[in-house]
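Here's my_file21.pdb, which has PDB, C-alpha atoms:
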```
ATOM      1  CA  MET A  12      -2.472 -87.372 -41.451  1.00  0.00           C
ATOM      2  CA  ALA A  13      -2.869 -84.297 -39.275  1.00  0.00           C
ATOM      3  CA  GLU A  14      -1.271 -81.016 -40.213  1.00  0.00           C
ATOM      4  CA  VAL A  15       1.021 -79.654 -37.506  1.00  0.00           C
ATOM      5  CA  ILE A  16       2.382 -76.178 -36.804  1.00  0.00           C
ATOM      6  CA  MET A  17       5.261 -75.691 -34.351  1.00  0.00           C
ATOM      7  CA  ILE A  18       5.897 -72.314 -32.726  1.00  0.00           C
ATOM      8  CA  GLN A  19       9.337 -71.746 -31.218  1.00  0.00           C
ATOM      9  CA  GLY A  20      10.970 -68.874 -29.384  1.00  0.00           C
ATOM     10  CA  CYS A  21      14.394 -68.215 -27.931  1.00  0.00           C
ATOM     11  CA  GLN A  22      13.234 -67.385 -24.410  1.00  0.00           C
ATOM     12  CA  ALA A  23      10.275 -67.038 -22.078  1.00  0.00           C
ATOM     13  CA  GLY A  24       7.969 -64.068 -22.459  1.00  0.00           C
ATOM     14  CA  VAL A  25       8.359 -63.555 -26.204  1.00  0.00           C
ATOM     15  CA  GLY A  26       4.684 -64.183 -27.031  1.00  0.00           C
ATOM     16  CA  LYS A  27       4.589 -67.841 -28.059  1.00  0.00           C
ATOM     17  CA  SER A  28       1.496 -68.667 -25.980  1.00  0.00           C
ATOM     18  CA  ILE A  29      -0.470 -65.640 -27.221  1.00  0.00           C
ATOM     19  CA  LEU A  30       0.493 -66.394 -30.834  1.00  0.00           C
ATOM     20  CA  VAL A  31      -0.661 -70.016 -30.448  1.00  0.00           C
ATOM     21  CA  ALA A  32      -3.968 -68.872 -28.908  1.00  0.00           C
ATOM     22  CA  ALA A  33      -4.518 -66.502 -31.843  1.00  0.00           C
ATOM     23  CA  LEU A  34      -3.699 -69.225 -34.375  1.00  0.00           C
ATOM     24  CA  CYS A  35      -6.049 -71.650 -32.596  1.00  0.00           C
ATOM     25  CA  ARG A  36      -8.881 -69.107 -32.792  1.00  0.00           C
ATOM     26  CA  LEU A  37      -8.231 -68.239 -36.445  1.00  0.00           C
ATOM     27  CA  LEU A  38      -8.007 -71.875 -37.532  1.00  0.00           C
ATOM     28  CA  LYS A  39     -11.127 -72.774 -35.528  1.00  0.00           C
ATOM     29  CA  GLN A  40     -13.007 -69.945 -37.277  1.00  0.00           C
ATOM     30  CA  GLU A  41     -11.917 -71.423 -40.620  1.00  0.00           C
ATOM     31  CA  GLY A  42     -13.566 -74.703 -39.640  1.00  0.00           C
ATOM     32  CA  LYS A  43     -10.411 -76.619 -38.739  1.00  0.00           C
ATOM     33  CA  THR A  44     -10.205 -78.980 -35.758  1.00  0.00           C
ATOM     34  CA  VAL A  45      -7.512 -77.517 -33.518  1.00  0.00           C
ATOM     35  CA  ALA A  46      -5.860 -78.488 -30.236  1.00  0.00           C
ATOM     36  CA  PRO A  47      -2.832 -76.895 -28.554  1.00  0.00           C
ATOM     37  CA  PHE A  48       0.027 -78.970 -27.131  1.00  0.00           C
ATOM     38  CA  LYS A  49       3.012 -78.074 -24.962  1.00  0.00           C
ATOM     39  CA  ALA A  50       5.049 -81.059 -23.790  1.00  0.00           C
ATOM     40  CA  GLN A  51       6.565 -79.390 -20.731  1.00  0.00           C
ATOM     41  CA  HIS A  52       5.649 -76.230 -18.844  1.00  0.00           C
ATOM     42  CA  ILE A  53       8.106 -75.080 -16.188  1.00  0.00           C
ATOM     43  CA  ALA A  54       6.457 -71.859 -15.013  1.00  0.00           C
ATOM     44  CA  GLY A  55       4.366 -71.863 -11.849  1.00  0.00           C
ATOM     45  CA  ASN A  56       1.198 -70.515 -13.505  1.00  0.00           C
ATOM     46  CA  SER A  57      -1.289 -73.370 -13.394  1.00  0.00           C
ATOM     47  CA  ALA A  58      -5.031 -73.932 -13.192  1.00  0.00           C
ATOM     48  CA  ILE A  59      -7.266 -76.780 -12.077  1.00  0.00           C
ATOM     49  CA  ILE A  60      -9.428 -78.016 -14.939  1.00  0.00           C
ATOM     50  CA  LYS A  61     -12.791 -79.775 -14.663  1.00  0.00           C
ATOM     51  CA  GLU A  62     -11.062 -83.196 -14.671  1.00  0.00           C
ATOM     52  CA  GLY A  63      -9.688 -82.077 -11.281  1.00  0.00           C
ATOM     53  CA  LEU A  64      -6.142 -82.066 -12.660  1.00  0.00           C
ATOM     54  CA  GLU A  65      -3.621 -79.266 -13.033  1.00  0.00           C
ATOM     55  CA  MET A  66      -2.320 -77.775 -16.269  1.00  0.00           C
ATOM     56  CA  ALA A  67      -0.678 -74.556 -17.406  1.00  0.00           C
ATOM     57  CA  LYS A  68      -2.940 -71.504 -17.618  1.00  0.00           C
ATOM     58  CA  ALA A  69      -1.547 -70.684 -21.070  1.00  0.00           C
ATOM     59  CA  GLN A  70      -2.658 -74.048 -22.460  1.00  0.00           C
ATOM     60  CA  VAL A  71      -6.081 -73.652 -20.817  1.00  0.00           C
ATOM     61  CA  MET A  72      -6.446 -70.311 -22.627  1.00  0.00           C
ATOM     62  CA  GLN A  73      -5.271 -71.882 -25.895  1.00  0.00           C
ATOM     63  CA  ALA A  74      -7.772 -74.733 -25.587  1.00  0.00           C
ATOM     64  CA  GLU A  75     -10.578 -72.242 -24.987  1.00  0.00           C
ATOM     65  CA  SER A  76      -9.413 -70.300 -28.055  1.00  0.00           C
ATOM     66  CA  ALA A  77      -9.570 -73.542 -30.058  1.00  0.00           C
ATOM     67  CA  GLY A  78     -13.098 -74.221 -28.802  1.00  0.00           C
ATOM     68  CA  VAL A  79     -12.159 -77.460 -27.016  1.00  0.00           C
ATOM     69  CA  ASP A  80     -12.172 -78.507 -23.379  1.00  0.00           C
ATOM     70  CA  PRO A  81      -8.745 -78.260 -21.727  1.00  0.00           C
ATOM     71  CA  SER A  82      -7.137 -81.657 -21.081  1.00  0.00           C
ATOM     72  CA  VAL A  83      -3.895 -82.517 -19.313  1.00  0.00           C
ATOM     73  CA  LEU A  84      -2.975 -84.458 -22.463  1.00  0.00           C
ATOM     74  CA  MET A  85      -2.342 -81.025 -24.014  1.00  0.00           C
ATOM     75  CA  ASN A  86       0.258 -80.285 -21.291  1.00  0.00           C
ATOM     76  CA  PRO A  87       1.479 -83.614 -19.849  1.00  0.00           C
ATOM     77  CA  ILE A  88       4.479 -82.357 -17.844  1.00  0.00           C
ATOM     78  CA  LEU A  89       3.819 -79.446 -15.516  1.00  0.00           C
TER
END
```

Please go through the file and, once you have read it, give me the structure as structure tokens.
Amino acid sequence: MAEVIMIQGCQAGVGKSILVAALCRLLKQEGKTVAPFKAQHIAGNSAIIKEGLEMAKAQVMQAESAGVDPSVLMNPIL
């Protein structure tokens, strides 16, 4: 069974995305297999990934920090 960490914050702009990116990088450096996930992203900051689909820029950055290709499965509702 996979280990899971959930990061929560009381409002937007409190650093959740940056903290997740840092954790992804640290865990990847320790040899763990890591992938970020955010069920719903309501901000307008999005990027087109190589699949030709759109996902949140924060989750793209987190995926890169984890050393994996960004996938819309990491951010299904934009």

**Message:** Could you check which residues have any atom within 12 Å of (-6.4, -75.1, -21.3), counting all atoms listed in the file with coordinates taken straight from the file, and then list them as number ranges by chain?
**Reply:** A: 28, 31-32, 35, 46-49, 56-62, 64-87

Can I get the selection written as a compact mmCIF listing (two decimals), in the coordinates of the input, with C-alpha atoms?
```txt
# COMPACT_ATOMS: atom_id res chain seq x y z
CA SER A 28 1.50 -68.67 -25.98
CA VAL A 31 -0.66 -70.02 -30.45
CA ALA A 32 -3.97 -68.87 -28.91
CA CYS A 35 -6.05 -71.65 -32.60
CA ALA A 46 -5.86 -78.49 -30.24
CA PRO A 47 -2.83 -76.90 -28.55
CA PHE A 48 0.03 -78.97 -27.13
CA LYS A 49 3.01 -78.07 -24.96
CA ASN A 56 1.20 -70.52 -13.50
CA SER A 57 -1.29 -73.37 -13.39
CA ALA A 58 -5.03 -73.93 -13.19
CA ILE A 59 -7.27 -76.78 -12.08
CA ILE A 60 -9.43 -78.02 -14.94
CA LYS A 61 -12.79 -79.78 -14.66
CA GLU A 62 -11.06 -83.20 -14.67
CA LEU A 64 -6.14 -82.07 -12.66
CA GLU A 65 -3.62 -79.27 -13.03
CA MET A 66 -2.32 -77.78 -16.27
CA ALA A 67 -0.68 -74.56 -17.41
CA LYS A 68 -2.94 -71.50 -17.62
CA ALA A 69 -1.55 -70.68 -21.07
CA GLN A 70 -2.66 -74.05 -22.46
CA VAL A 71 -6.08 -73.65 -20.82
CA MET A 72 -6.45 -70.31 -22.63
CA GLN A 73 -5.27 -71.88 -25.90
CA ALA A 74 -7.77 -74.73 -25.59
CA GLU A 75 -10.58 -72.24 -24.99
CA SER A 76 -9.41 -70.30 -28.06
CA ALA A 77 -9.57 -73.54 -30.06
CA GLY A 78 -13.10 -74.22 -28.80
CA VAL A 79 -12.16 -77.46 -27.02
CA ASP A 80 -12.17 -78.51 -23.38
CA PRO A 81 -8.74 -78.26 -21.73
CA SER A 82 -7.14 -81.66 -21.08
CA VAL A 83 -3.90 -82.52 -19.31
CA LEU A 84 -2.98 -84.46 -22.46
CA MET A 85 -2.34 -81.03 -24.01
CA ASN A 86 0.26 -80.28 -21.29
CA PRO A 87 1.48 -83.61 -19.85
```

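Of the residues listed (A:Ile53, A:Ile88, A:Gly63, A:Glu41), A:Ile53 shows the shortest atom-to-atom separation from Ala23 in chain A; distances use only C-alpha atoms.
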
**Request:** I would like the residues chosen by the PyMOL selection byres ((chain A and resi 13) around 12) on the shown file; could you give them as number ranges by chain?
**Result:** A: 12, 14-16, 43-46

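Interatomic distance, CA of Cys21 in chain A against CA of Gln51 in chain A: 15.4 Å.
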
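Our summary of the geometry notes that CA of Gln19 in chain A is positioned 23.2 Å from CA of Gln40 in chain A.
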
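Between CA of Ala54 in chain A and CA of Leu34 in chain A lies a distance of 22.0 Å.
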
Please, what is the axis-aligned box for every listed atom of range 67-79 of chain A with 6 Å on each side, as centre and edge lengths in Å to one decimal, as lines of an AutoDock Vina configuration file?
```
center_x = -6.9
center_y = -73.9
center_z = -23.7
size_x = 24.4
size_y = 19.2
size_z = 24.7
```
